[in-house]
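Have a look at entry-v2.cif below; it lists mmCIF, C-alpha atoms.
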data_input
#
loop_
_atom_site.label_atom_id
_atom_site.label_comp_id
_atom_site.auth_asym_id
_atom_site.auth_seq_id
_atom_site.Cartn_x
_atom_site.Cartn_y
_atom_site.Cartn_z
CA MET Z 1301 -17.09 8.40 -44.11
CA ASN Z 1302 -18.02 8.64 -40.41
CA PHE Z 1303 -15.78 9.65 -37.51
CA THR Z 1304 -15.24 6.09 -36.24
CA THR Z 1305 -14.22 4.81 -39.70
CA LYS Z 1306 -11.80 7.69 -40.29
CA ARG Z 1307 -10.14 7.15 -36.93
CA ALA Z 1308 -9.81 3.39 -37.54
CA LEU Z 1309 -8.28 3.85 -41.01
CA LEU Z 1310 -5.80 6.40 -39.68
CA MET Z 1311 -4.62 3.91 -37.06
CA ALA Z 1312 -4.68 0.91 -39.42
CA PRO Z 1313 -0.92 0.59 -40.21
CA PHE Z 1314 0.07 0.87 -36.53
CA TYR Z 1315 -2.64 -1.57 -35.43
CA MET Z 1316 -1.65 -4.23 -37.95
CA LEU Z 1317 2.07 -3.87 -37.19
CA PHE Z 1318 1.42 -4.15 -33.46
CA GLU Z 1319 -0.73 -7.27 -33.93
CA PHE Z 1320 1.87 -8.97 -36.15
CA PHE Z 1321 4.74 -8.61 -33.67
CA LEU Z 1322 2.55 -9.41 -30.67
CA ILE Z 1323 1.32 -12.67 -32.24
CA LYS Z 1324 4.85 -13.52 -33.37
CA TYR Z 1325 6.26 -13.16 -29.86
CA ILE Z 1326 3.43 -15.17 -28.28
CA PHE Z 1327 4.12 -18.05 -30.67
CA LEU Z 1328 7.86 -17.78 -29.98
CA LEU Z 1329 7.14 -18.34 -26.29
CA VAL Z 1330 5.37 -21.62 -27.04
CA GLY Z 1331 7.73 -22.93 -29.70
CA GLY Z 1332 7.33 -20.68 -32.74
CA VAL Z 1333 5.42 -20.89 -36.01
CA ASP Z 1334 6.02 -19.93 -39.64
CA ASN Z 1335 5.69 -16.19 -40.37
CA VAL Z 1336 3.20 -16.97 -43.14
CA TYR Z 1337 0.67 -18.25 -40.61
CA ILE Z 1338 1.29 -15.24 -38.38
CA LEU Z 1339 0.65 -12.95 -41.35
CA ILE Z 1340 -2.59 -14.78 -42.22
CA LEU Z 1341 -3.80 -14.47 -38.61
CA THR Z 1342 -2.85 -10.78 -38.58
CA LEU Z 1343 -4.77 -10.16 -41.81
CA PHE Z 1344 -7.81 -11.96 -40.39
CA ILE Z 1345 -7.73 -9.75 -37.28
CA GLY Z 1346 -7.39 -6.72 -39.54
CA LEU Z 1347 -10.36 -7.86 -41.62
CA ILE Z 1348 -12.68 -8.23 -38.64
CA HIS Z 1349 -11.48 -4.82 -37.42
CA PHE Z 1350 -12.16 -2.85 -40.60
CA MET Z 1351 -14.83 -4.83 -42.47
CA PRO Z 1352 -17.88 -3.95 -40.29
CA LEU Z 1353 -17.21 -0.20 -40.01
CA ASN Z 1354 -18.85 1.13 -43.18
CA PHE Z 1355 -21.56 -1.56 -43.22
CA GLU Z 1356 -22.73 -0.80 -39.68
CA SER Z 1357 -22.95 2.95 -40.34
CA LYS Z 1358 -25.53 2.27 -43.07
CA LYS Z 1359 -27.39 -0.82 -41.86
CA SER Z 1360 -26.77 -2.83 -38.71
CA ARG Z 1361 -26.70 -6.59 -39.28
CA VAL Z 1362 -26.20 -9.63 -37.05
CA LEU Z 1363 -23.07 -10.73 -38.95
CA THR Z 1364 -21.30 -7.36 -38.87
CA ARG Z 1365 -22.26 -6.88 -35.21
CA PHE Z 1366 -20.71 -10.28 -34.49
CA PHE Z 1367 -17.46 -9.26 -36.20
CA THR Z 1368 -17.43 -5.95 -34.32
CA THR Z 1369 -17.79 -7.82 -31.02
CA LEU Z 1370 -15.06 -10.24 -32.03
CA ASP Z 1371 -12.83 -7.28 -32.87
CA GLY Z 1372 -13.49 -5.76 -29.44
CA LEU Z 1373 -12.51 -9.03 -27.78
CA CYS Z 1374 -9.32 -9.17 -29.88
CA MET Z 1375 -8.35 -5.62 -28.91
CA TRP Z 1376 -8.84 -6.37 -25.21
CA ALA Z 1377 -6.89 -9.63 -25.53
CA SER Z 1378 -4.06 -7.81 -27.32
CA VAL Z 1379 -3.65 -5.37 -24.45
CA MET Z 1380 -3.74 -8.16 -21.87
CA PHE Z 1381 -1.31 -10.38 -23.79
CA LEU Z 1382 1.07 -7.43 -24.15
CA ILE Z 1383 1.08 -6.95 -20.37
CA ASP Z 1384 1.42 -10.71 -19.91
CA ILE Z 1385 4.42 -11.14 -22.20
CA VAL Z 1386 6.19 -8.10 -20.73
CA PHE Z 1387 5.75 -9.74 -17.31
CA ILE Z 1388 7.06 -13.06 -18.67
CA TYR Z 1389 10.02 -11.30 -20.32
CA ILE Z 1390 10.99 -9.61 -17.04
CA LEU Z 1391 10.67 -12.90 -15.12
CA LYS Z 1392 12.88 -14.68 -17.66
CA ARG Z 1393 15.64 -12.17 -16.99
CA PHE Z 1394 15.93 -13.53 -13.44
CA VAL Z 1395 14.75 -17.15 -13.50
CA VAL Z 1396 14.40 -20.01 -15.93
CA LEU Z 1397 10.72 -20.52 -16.71
CA PRO Z 1398 9.62 -24.04 -17.67
CA PHE Z 1399 7.34 -24.34 -20.70
CA GLU Z 1400 4.43 -25.35 -18.46
CA VAL Z 1401 4.76 -22.14 -16.40
CA ILE Z 1402 4.84 -19.98 -19.54
CA LEU Z 1403 1.74 -21.76 -20.83
CA ILE Z 1404 -0.11 -21.18 -17.54
CA LEU Z 1405 0.84 -17.48 -17.57
CA LEU Z 1406 -0.48 -17.16 -21.13
CA LEU Z 1407 -3.71 -19.00 -20.24
CA ILE Z 1408 -4.45 -16.36 -17.60
CA VAL Z 1409 -5.60 -14.00 -20.37
CA PRO Z 1410 -8.47 -16.14 -21.75
CA LEU Z 1411 -9.55 -17.02 -18.20
CA LEU Z 1412 -9.62 -13.33 -17.31
CA GLY Z 1413 -11.51 -12.75 -20.56
CA ILE Z 1414 -14.38 -15.00 -19.45
CA TYR Z 1415 -14.70 -13.05 -16.20
CA ASN Z 1416 -14.43 -9.66 -17.93
CA TYR Z 1417 -17.12 -10.55 -20.47
CA TRP Z 1418 -19.48 -11.81 -17.75
CA LYS Z 1419 -18.83 -8.72 -15.63
CA ALA Z 1420 -19.59 -6.35 -18.54
CA HIS Z 1421 -22.95 -8.03 -19.20
CA ARG Z 1422 -24.01 -8.19 -15.55
CA LEU Z 1423 -26.16 -5.11 -14.96
CA VAL Z 1424 -26.21 -4.24 -11.26
CA VAL Z 1425 -28.07 -1.67 -9.18
CA ASN Z 1426 -26.06 0.39 -6.69
CA GLU Z 1427 -27.56 2.82 -4.16
CA LYS Z 1428 -26.22 6.12 -2.85
CA THR Z 1429 -27.70 8.81 -0.62
CA ILE Z 1430 -27.57 12.56 -1.22
CA GLU Z 1431 -28.62 14.83 1.65
CA LEU Z 1432 -29.99 18.26 0.72
CA GLY Z 1433 -31.43 20.98 2.91
CA ASN Z 1434 -33.55 22.71 0.27
CA LEU Z 1435 -35.34 19.59 -0.94
CA GLU Z 1436 -39.16 19.72 -0.91
CA ARG Z 1437 -39.46 16.00 -0.19
CA ASP Z 1438 -37.46 12.78 -0.45
CA ILE Z 1439 -37.16 11.54 -4.03
CA SER Z 1440 -35.28 8.66 -5.69
CA ILE Z 1441 -33.67 8.98 -9.12
CA ALA Z 1442 -32.23 6.22 -11.28
CA HIS Z 1443 -28.99 7.59 -12.72
CA LEU Z 1444 -27.38 5.88 -15.70
CA SER Z 1445 -25.03 6.82 -18.49
CA ASP Z 1446 -22.91 5.45 -21.32
CA VAL Z 1447 -25.34 2.84 -22.58
CA HIS Z 1448 -23.37 2.76 -25.85
CA PHE Z 1449 -26.13 1.22 -27.93
CA GLY Z 1450 -24.37 0.21 -31.13
CA SER Z 1451 -22.65 -2.64 -32.89
CA ILE Z 1452 -21.40 -4.39 -29.75
CA ARG Z 1453 -24.30 -3.75 -27.38
CA HIS Z 1454 -27.51 -3.62 -29.42
CA LYS Z 1455 -31.24 -3.96 -28.59
CA LYS Z 1456 -30.65 -6.49 -25.81
CA ILE Z 1457 -29.02 -3.85 -23.61
CA ILE Z 1458 -32.02 -1.52 -24.05
CA GLU Z 1459 -34.38 -4.34 -23.05
CA ASP Z 1460 -32.22 -5.20 -20.01
CA ILE Z 1461 -32.19 -1.57 -18.84
CA ALA Z 1462 -35.97 -1.26 -19.29
CA ASP Z 1463 -36.56 -4.41 -17.23
CA LYS Z 1464 -34.18 -3.21 -14.51
CA LEU Z 1465 -35.76 0.25 -14.32
CA ASN Z 1466 -39.22 -1.25 -13.91
CA GLY Z 1467 -38.00 -3.12 -10.86
CA LEU Z 1468 -36.80 0.05 -9.11
CA ASP Z 1469 -38.68 2.24 -6.66
CA CYS Z 1470 -37.74 5.47 -8.42
CA GLU Z 1471 -39.77 8.38 -9.77
CA LEU Z 1472 -37.41 9.44 -12.56
CA ALA Z 1473 -34.54 8.05 -14.66
CA ILE Z 1474 -31.78 10.33 -15.94
CA ILE Z 1475 -29.35 9.31 -18.69
CA SER Z 1476 -26.16 11.41 -18.72
CA GLY Z 1477 -25.14 11.03 -22.36
CA ASP Z 1478 -23.73 8.41 -24.72
CA LEU Z 1479 -27.01 6.59 -25.03
CA THR Z 1480 -25.66 5.54 -28.44
CA ASP Z 1481 -22.16 4.52 -29.44
CA GLY Z 1482 -21.74 5.90 -32.94
CA THR Z 1483 -20.64 2.51 -34.30
CA SER Z 1484 -23.96 1.63 -35.94
CA VAL Z 1485 -26.86 3.50 -37.45
CA VAL Z 1486 -29.75 4.22 -35.06
CA GLU Z 1487 -33.14 3.21 -36.47
CA PRO Z 1488 -36.37 4.89 -35.25
CA ASP Z 1489 -37.55 1.75 -33.40
CA ASP Z 1490 -34.24 0.80 -31.77
CA LEU Z 1491 -35.07 2.29 -28.36
CA MET Z 1492 -38.73 1.26 -28.23
CA ALA Z 1493 -38.19 -1.00 -25.19
CA PHE Z 1494 -38.04 2.21 -23.15
CA CYS Z 1495 -41.74 2.76 -23.92
CA ASN Z 1496 -42.49 0.05 -21.34
CA VAL Z 1497 -40.67 1.86 -18.52
CA ARG Z 1498 -43.14 3.14 -15.93
CA MET Z 1499 -41.12 6.23 -14.94
CA PRO Z 1500 -40.19 9.24 -17.08
CA ILE Z 1501 -36.74 9.05 -18.70
CA VAL Z 1502 -34.65 12.19 -19.24
CA PHE Z 1503 -31.66 12.20 -21.60
CA THR Z 1504 -29.00 14.76 -22.54
CA PRO Z 1505 -26.58 13.93 -25.42
CA GLY Z 1506 -22.89 13.11 -24.89
CA ASN Z 1507 -20.01 12.99 -27.36
CA HIS Z 1508 -20.72 9.54 -28.85
CA ASP Z 1509 -24.31 10.48 -29.64
CA PHE Z 1510 -22.96 12.84 -32.31
CA TYR Z 1511 -20.56 10.39 -34.01
CA LEU Z 1512 -23.09 9.33 -36.66
CA GLU Z 1513 -26.38 11.23 -36.98
CA ILE Z 1514 -27.61 13.02 -33.86
CA ASP Z 1515 -30.98 13.57 -35.61
CA ASP Z 1516 -31.46 9.78 -35.76
CA VAL Z 1517 -30.74 9.54 -32.03
CA MET Z 1518 -33.22 12.31 -31.28
CA GLU Z 1519 -35.92 10.70 -33.43
CA ALA Z 1520 -35.48 7.32 -31.73
CA CYS Z 1521 -35.67 9.02 -28.32
CA ARG Z 1522 -38.85 10.88 -29.19
CA LYS Z 1523 -40.46 7.72 -30.54
CA ALA Z 1524 -39.56 5.87 -27.32
CA GLY Z 1525 -41.08 8.64 -25.19
CA ILE Z 1526 -37.73 9.84 -23.79
CA ILE Z 1527 -37.57 13.47 -22.66
CA VAL Z 1528 -34.55 15.05 -24.36
CA LEU Z 1529 -33.05 18.03 -22.53
CA ASP Z 1530 -30.81 19.56 -25.20
CA ASN Z 1531 -29.55 22.67 -23.39
CA GLU Z 1532 -33.02 22.89 -21.87
CA SER Z 1533 -34.56 22.75 -18.40
CA MET Z 1534 -37.56 21.10 -16.78
CA GLU Z 1535 -39.06 20.87 -13.30
CA PHE Z 1536 -39.94 17.59 -11.60
CA GLY Z 1537 -40.83 16.85 -7.99
CA GLY Z 1538 -39.23 20.01 -6.62
CA LEU Z 1539 -36.14 19.57 -8.82
CA ASN Z 1540 -35.00 22.06 -11.44
CA ILE Z 1541 -33.18 19.89 -13.99
CA HIS Z 1542 -30.99 21.39 -16.72
CA GLY Z 1543 -29.53 19.25 -19.49
CA LEU Z 1544 -26.20 20.60 -20.75
CA THR Z 1545 -25.40 18.97 -24.11
CA TYR Z 1546 -21.80 17.97 -24.83
CA SER Z 1547 -20.04 20.38 -27.18
CA PHE Z 1548 -17.04 19.71 -29.42
CA ASP Z 1549 -16.63 23.39 -30.28
CA ASP Z 1550 -15.64 24.94 -26.98
CA ARG Z 1551 -12.83 23.46 -24.88
CA SER Z 1552 -13.36 26.08 -22.17
CA LYS Z 1553 -16.10 26.01 -19.54
CA PRO Z 1554 -19.58 26.04 -21.13
CA LYS Z 1555 -21.36 29.35 -20.61
CA LEU Z 1556 -24.51 29.01 -18.54
CA ASP Z 1557 -26.89 31.82 -17.65
CA GLU Z 1558 -27.40 32.16 -13.89
CA SER Z 1559 -31.11 32.63 -14.58
CA LEU Z 1560 -31.16 28.82 -14.97
CA ILE Z 1561 -30.83 28.53 -11.19
CA LYS Z 1562 -34.13 28.37 -9.28
CA ARG Z 1563 -33.35 29.46 -5.73
CA ASP Z 1564 -36.45 27.83 -4.28
CA LYS Z 1565 -35.64 24.39 -5.74
CA VAL Z 1566 -32.88 21.81 -5.86
CA ASN Z 1567 -30.90 22.54 -9.03
CA LEU Z 1568 -29.64 19.48 -10.87
CA LEU Z 1569 -27.26 19.58 -13.85
CA ASN Z 1570 -27.20 16.65 -16.27
CA TYR Z 1571 -23.84 16.90 -18.08
CA HIS Z 1572 -22.07 13.98 -19.73
CA VAL Z 1573 -18.50 14.80 -18.69
CA PRO Z 1574 -17.45 15.23 -15.02
CA TYR Z 1575 -15.84 18.61 -15.67
CA TYR Z 1576 -16.24 22.10 -14.17
CA TRP Z 1577 -18.08 20.82 -11.10
CA GLU Z 1578 -16.50 23.48 -8.87
CA ASP Z 1579 -17.73 26.22 -11.22
CA PHE Z 1580 -21.23 24.80 -11.63
CA SER Z 1581 -21.47 24.24 -7.88
CA ALA Z 1582 -20.46 27.83 -7.14
CA MET Z 1583 -23.05 28.95 -9.69
CA GLY Z 1584 -25.78 27.22 -7.67
CA PHE Z 1585 -26.21 23.69 -9.01
CA ASP Z 1586 -26.76 21.39 -6.03
CA VAL Z 1587 -26.12 18.13 -7.89
CA GLN Z 1588 -24.22 17.35 -11.10
CA LEU Z 1589 -24.85 14.00 -12.81
CA SER Z 1590 -22.13 12.78 -15.16
CA GLY Z 1591 -20.59 9.70 -16.75
CA HIS Z 1592 -18.12 9.48 -19.67
CA THR Z 1593 -15.17 7.92 -17.81
CA HIS Z 1594 -16.57 4.37 -17.41
CA GLY Z 1595 -14.40 4.42 -14.27
CA GLY Z 1596 -11.66 3.16 -16.60
CA GLN Z 1597 -13.87 0.13 -17.46
CA PHE Z 1598 -11.19 -2.52 -16.83
CA TYR Z 1599 -7.74 -2.86 -15.28
CA PRO Z 1600 -5.19 -1.43 -15.86
CA ALA Z 1601 -7.21 1.39 -17.49
CA VAL Z 1602 -8.96 1.95 -14.14
CA TRP Z 1603 -5.67 3.22 -12.70
CA PHE Z 1604 -5.16 5.56 -15.66
CA GLY Z 1605 -8.74 6.77 -15.27
CA ASN Z 1606 -8.03 7.72 -11.67
CA LEU Z 1607 -5.03 9.73 -12.86
CA MET Z 1608 -6.77 11.35 -15.84
CA PHE Z 1609 -10.03 12.36 -14.18
CA LYS Z 1610 -10.30 14.22 -10.91
CA TYR Z 1611 -13.74 12.64 -10.50
CA ASN Z 1612 -13.40 9.26 -12.16
CA MET Z 1613 -16.28 7.41 -10.49
CA GLY Z 1614 -18.46 7.66 -7.42
CA LEU Z 1615 -20.17 10.33 -5.33
CA PHE Z 1616 -18.31 13.44 -4.20
CA LYS Z 1617 -19.38 16.27 -1.88
CA ASN Z 1618 -17.77 19.69 -1.47
CA ASN Z 1619 -17.71 22.16 1.42
CA LEU Z 1620 -20.81 23.90 0.04
CA GLY Z 1621 -22.79 20.71 0.62
CA ARG Z 1622 -23.15 20.13 -3.12
CA TYR Z 1623 -22.55 16.91 -5.01
CA ILE Z 1624 -21.28 15.36 -8.23
CA HIS Z 1625 -22.11 11.77 -9.07
CA VAL Z 1626 -20.06 10.04 -11.78
CA THR Z 1627 -21.45 6.67 -12.80
CA THR Z 1628 -19.27 3.96 -14.37
CA GLY Z 1629 -21.96 3.49 -17.03
CA VAL Z 1630 -24.18 0.69 -18.24
CA GLY Z 1631 -22.58 -0.38 -21.51
CA SER Z 1632 -19.01 -0.65 -22.67
CA MET Z 1633 -16.90 1.22 -25.20
CA GLY Z 1634 -14.73 -0.49 -27.80
CA THR Z 1635 -14.67 -3.86 -26.09
CA PRO Z 1636 -17.42 -5.70 -24.14
CA MET Z 1637 -15.20 -6.18 -21.12
CA ARG Z 1638 -15.18 -4.95 -17.50
CA TRP Z 1639 -12.86 -5.60 -14.59
CA GLY Z 1640 -12.88 -3.53 -11.43
CA THR Z 1641 -15.99 -1.53 -12.38
CA ASP Z 1642 -19.71 -2.26 -12.58
CA SER Z 1643 -22.16 -2.01 -15.43
CA GLU Z 1644 -24.46 -0.06 -13.19
CA ILE Z 1645 -27.69 1.79 -12.68
CA VAL Z 1646 -27.39 3.92 -9.55
CA VAL Z 1647 -30.39 4.71 -7.39
CA LEU Z 1648 -29.72 8.16 -5.94
CA LYS Z 1649 -31.82 8.66 -2.84
CA LEU Z 1650 -32.24 12.39 -2.36
CA LYS Z 1651 -33.02 12.96 1.32
CA LYS Z 1652 -34.32 16.15 2.90
CA VAL Z 1653 -32.27 17.19 5.97
#
Rendering of file as structure tokens:
Amino acid sequence: MNFTTKRALLMAPFYMLFEFFLIKYIFLLVGGVDNVYILILTLFIGLIHFMPLNFESKKSRVLTRFFTTLDGLCMWASVMFLIDIVFIYILKRFVVLPFEVILILLLIVPLLGIYNYWKAHRLVVNEKTIELGNLERDISIAHLSDVHFGSIRHKKIIEDIADKLNGLDCELAIISGDLTDGTSVVEPDDLMAFCNVRMPIVFTPGNHDFYLEIDDVMEACRKAGIIVLDNESMEFGGLNIHGLTYSFDDRSKPKLDESLIKRDKVNLLNYHVPYYWEDFSAMGFDVQLSGHTHGGQFYPAVWFGNLMFKYNMGLFKNNLGRYIHVTTGVGSMGTPMRWGTDSEIVVLKLKKV
């Protein structure tokens, strides 16, 4: 049984209980319905939540991917409806709300859902400039992360990224982890659309890449011509690039040998999580590329993301003149929804000053 399945089964009783009472209260607001129908609806939601898990870890299919997507939409809607009914409950303590007003307030959730779904599937290109004194020449890098290829975002997202990359004036693309989601098995040909990309692609694994079989991810990358930096370094265009693979074993700062730093080059660290930047910067890394946070992905999680992560999204510069860039990611985790963040590829223009 894989990590995702175990986690879902552990949370199953709480999830089903939450859904039952949430649905019950929503129906009470609009006139009520028999508990039997609420129970049937709850069981259906539970079925689409748990049914695809084991199937997708062995063989990804259109039907089970559809149910996984439907489950992601249901989970997002549950969070939004919970916020909505808490707001309605507070309002009702002070004013009398006509049925029509309650209905409008409830309809806000599906309307927001349409926007969130569109936003999550709209891949945009953002540009940022990094000024470095020790750069040999100007160079542009396409930075992306958190593709989350899996049950919800499958081969279409790989094709979209490949098309987008081919339209960019960049010399190199760097993926900062979570290329895969861990919700579905990765077949050797799943990433083949990247073969058509005209620039080299560098990838370093993140946490989700290990959730099923990391060997399958590595094989698919190699077949697609992706350069995997698994605690390894390479040089490109005056850049010394080190890929630091995510580790579950050590909660303290990863140990890096200072011999990794090339004093005559710009030193770039590709590391999935936006942690330990101050330490890596002091060590001599000029730029750290990270992802992981999704920027919170959608409101209100964006606000929590800003509280949880010191560097939640964007480009930051310290007093040493060194940078960390945290992208909000390309794909989506758990639910195919975005609100307040972009599904982005970021063109980092490294300028010599």
For range 1341-1444 of chain Z versus range 1505-1526 of chain Z, which residues have an atom no more than 12 Å away, and what is each residue's nearest atom pair and distance in Å rounded to one decimal, using only C-alpha atoms, chain-then-number order, as a tab-separated table?
residue	atom	partner	partner_atom	distance
Z:Leu1353	CA	Z:Leu1512	CA	11.7
Z:Asn1354	CA	Z:Leu1512	CA	11.3
Z:Glu1356	CA	Z:Leu1512	CA	10.6
Z:Ser1357	CA	Z:Leu1512	CA	7.4
Z:Lys1358	CA	Z:Leu1512	CA	9.8
*Find the residues around range 1385-1395 of chain Z up to 9 Å (only C-alpha atoms counted), leave out those fewer than 3 positions away in its own chain, and share them as a VMD selection string.*
chain Z and resid 1322 1325 to 1326 1329 1380 to 1382 1402 1405 to 1406
Residues near Glu1558 in chain Z, anyone? I mean within 12 Å using only C-alpha atoms, not counting same-chain ones fewer than 6 positions away, as a PDB file with C-alpha atoms, in the coordinates of the input.
ATOM      1  CA  HIS Z1542     -30.990  21.390 -16.720  1.00  0.00           C
ATOM      2  CA  ASN Z1567     -30.900  22.540  -9.030  1.00  0.00           C
ATOM      3  CA  ASP Z1579     -17.730  26.220 -11.220  1.00  0.00           C
ATOM      4  CA  PHE Z1580     -21.230  24.800 -11.630  1.00  0.00           C
ATOM      5  CA  SER Z1581     -21.470  24.240  -7.880  1.00  0.00           C
ATOM      6  CA  ALA Z1582     -20.460  27.830  -7.140  1.00  0.00           C
ATOM      7  CA  MET Z1583     -23.050  28.950  -9.690  1.00  0.00           C
ATOM      8  CA  GLY Z1584     -25.780  27.220  -7.670  1.00  0.00           C
ATOM      9  CA  PHE Z1585     -26.210  23.690  -9.010  1.00  0.00           C
TER      10      PHE Z1585
END
*asked:* Applying the PyMOL selection byres ((chain Z and resi 1409) around 10) to the file I just gave you, which residues come out? Please list them as a PyMOL selection string.
replied: chain Z and resi 1376-1381+1383-1384+1404-1408+1410-1414
*Contacts of Glu1431 in chain Z at 12 Å or less, counting all atoms listed in the file, minus same-chain residues fewer than 6 places along, as a list in words?*
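Result of the neighbour search: Arg1437, Asp1438, Ile1439, Ser1440, Val1566, Asp1586, Val1587, Leu1615, Phe1616, Lys1617, Gly1621, Arg1622, Tyr1623, Leu1648, Lys1649, Leu1650, Lys1651, Lys1652 and Val1653 of chain Z.
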*Using all atoms listed in the file, find the one residue out of Z:Leu1397, Z:Met1311, Z:Met1633, Z:Met1499 that sits nearest to Asp1469 in chain Z.*
Z:Met1499
*How would you write, as a VMD selection string, the residues chosen by the PyMOL selection byres ((chain Z and resi 1635-1637) around 8) on this structure?*
chain Z and resid 1369 1371 to 1373 1375 to 1376 1413 1416 to 1421 1452 to 1453 1597 to 1598 1631 to 1634 1638 to 1639
*Counting all atoms listed in the file, note down every residue that has an atom within 7 Å of the point (-17.4, 8.2, -8.0) (file coordinates), as a ChimeraX atom specification.*
/Z:1611-1616,1625-1627
Each residue of range 1383-1486 of chain Z with at least one atom at most 9 Å from range 1360-1364 of chain Z should appear once, together with its nearest atom pair and the corresponding distance in Å (one decimal); atoms considered: all atoms listed in the file; ordering: chain, then increasing residue number; output as JSON lines.
{"residue": "Z:Gly1450", "atom": "CA", "partner": "Z:Ser1360", "partner_atom": "CA", "distance": 8.5}
{"residue": "Z:Ser1451", "atom": "CA", "partner": "Z:Ser1360", "partner_atom": "CA", "distance": 7.1}
{"residue": "Z:Ser1484", "atom": "CA", "partner": "Z:Ser1360", "partner_atom": "CA", "distance": 6.0}
{"residue": "Z:Val1485", "atom": "CA", "partner": "Z:Ser1360", "partner_atom": "CA", "distance": 6.5}
{"residue": "Z:Val1486", "atom": "CA", "partner": "Z:Ser1360", "partner_atom": "CA", "distance": 8.5}
Just want the 12 Å neighbourhood of Lys1553 in chain Z, counted on all atoms listed in the file, with same-chain residues fewer than 3 positions away dropped. Output as a PDB file with C-alpha atoms, in the frame of the given file.
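Output file part.pdb is given in full below:
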ATOM      1  CA  LEU Z1544     -26.200  20.600 -20.750  1.00  0.00           C
ATOM      2  CA  TYR Z1546     -21.800  17.970 -24.830  1.00  0.00           C
ATOM      3  CA  SER Z1547     -20.040  20.380 -27.180  1.00  0.00           C
ATOM      4  CA  PHE Z1548     -17.040  19.710 -29.420  1.00  0.00           C
ATOM      5  CA  ASP Z1549     -16.630  23.390 -30.280  1.00  0.00           C
ATOM      6  CA  ASP Z1550     -15.640  24.940 -26.980  1.00  0.00           C
ATOM      7  CA  LEU Z1556     -24.510  29.010 -18.540  1.00  0.00           C
ATOM      8  CA  VAL Z1573     -18.500  14.800 -18.690  1.00  0.00           C
ATOM      9  CA  PRO Z1574     -17.450  15.230 -15.020  1.00  0.00           C
ATOM     10  CA  TYR Z1575     -15.840  18.610 -15.670  1.00  0.00           C
ATOM     11  CA  TYR Z1576     -16.240  22.100 -14.170  1.00  0.00           C
ATOM     12  CA  TRP Z1577     -18.080  20.820 -11.100  1.00  0.00           C
ATOM     13  CA  GLU Z1578     -16.500  23.480  -8.870  1.00  0.00           C
ATOM     14  CA  ASP Z1579     -17.730  26.220 -11.220  1.00  0.00           C
ATOM     15  CA  PHE Z1580     -21.230  24.800 -11.630  1.00  0.00           C
TER      16      PHE Z1580
END
*Nearest to Val1497 in chain Z among Z:Leu1328, Z:Leu1620, Z:Ile1527, Z:Leu1465, with distances taken over all atoms listed in the file: which residue is it?*
Z:Leu1465
*Quick one, how far is CA of Asp1489 in chain Z from CA of Ile1475 in chain Z?*
18.5 Å
*Nearest to Ile1458 in chain Z: which of Z:Leu1317, Z:Leu1479, Z:Leu1370, Z:Leu1491 is it, counting only C-alpha atoms?*
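Closest to Ile1458 in chain Z of all the choices is Z:Leu1491.
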*Nearest to Val1630 in chain Z: which of Z:Leu1444, Z:Leu1339, Z:Leu1432, Z:Cys1374 is it, counting all atoms listed in the file?*
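Using all atoms listed in the file, the shortest distance to Val1630 in chain Z belongs to Z:Leu1444.
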Please identify all polymer residues within 10 Å of Lys1464 in chain Z, counting only C-alpha atoms, omitting same-chain residues fewer than 4 positions from it, and present them as a short mmCIF file (atom, residue, chain, number, x, y, z; two decimals) with C-alpha atoms, in the coordinates of the input.
data_model
loop_
_atom_site.label_atom_id
_atom_site.label_comp_id
_atom_site.auth_asym_id
_atom_site.auth_seq_id
_atom_site.Cartn_x
_atom_site.Cartn_y
_atom_site.Cartn_z
CA LEU Z 1423 -26.16 -5.11 -14.96
CA VAL Z 1424 -26.21 -4.24 -11.26
CA VAL Z 1425 -28.07 -1.67 -9.18
CA ILE Z 1458 -32.02 -1.52 -24.05
CA GLU Z 1459 -34.38 -4.34 -23.05
CA ASP Z 1460 -32.22 -5.20 -20.01
CA LEU Z 1468 -36.80 0.05 -9.11
CA VAL Z 1497 -40.67 1.86 -18.52
CA ILE Z 1645 -27.69 1.79 -12.68
#
*Grab the CA of Val1502 in chain Z to CA of Val1528 in chain Z distance for me, in Å with one decimal place.*
5.9 Å
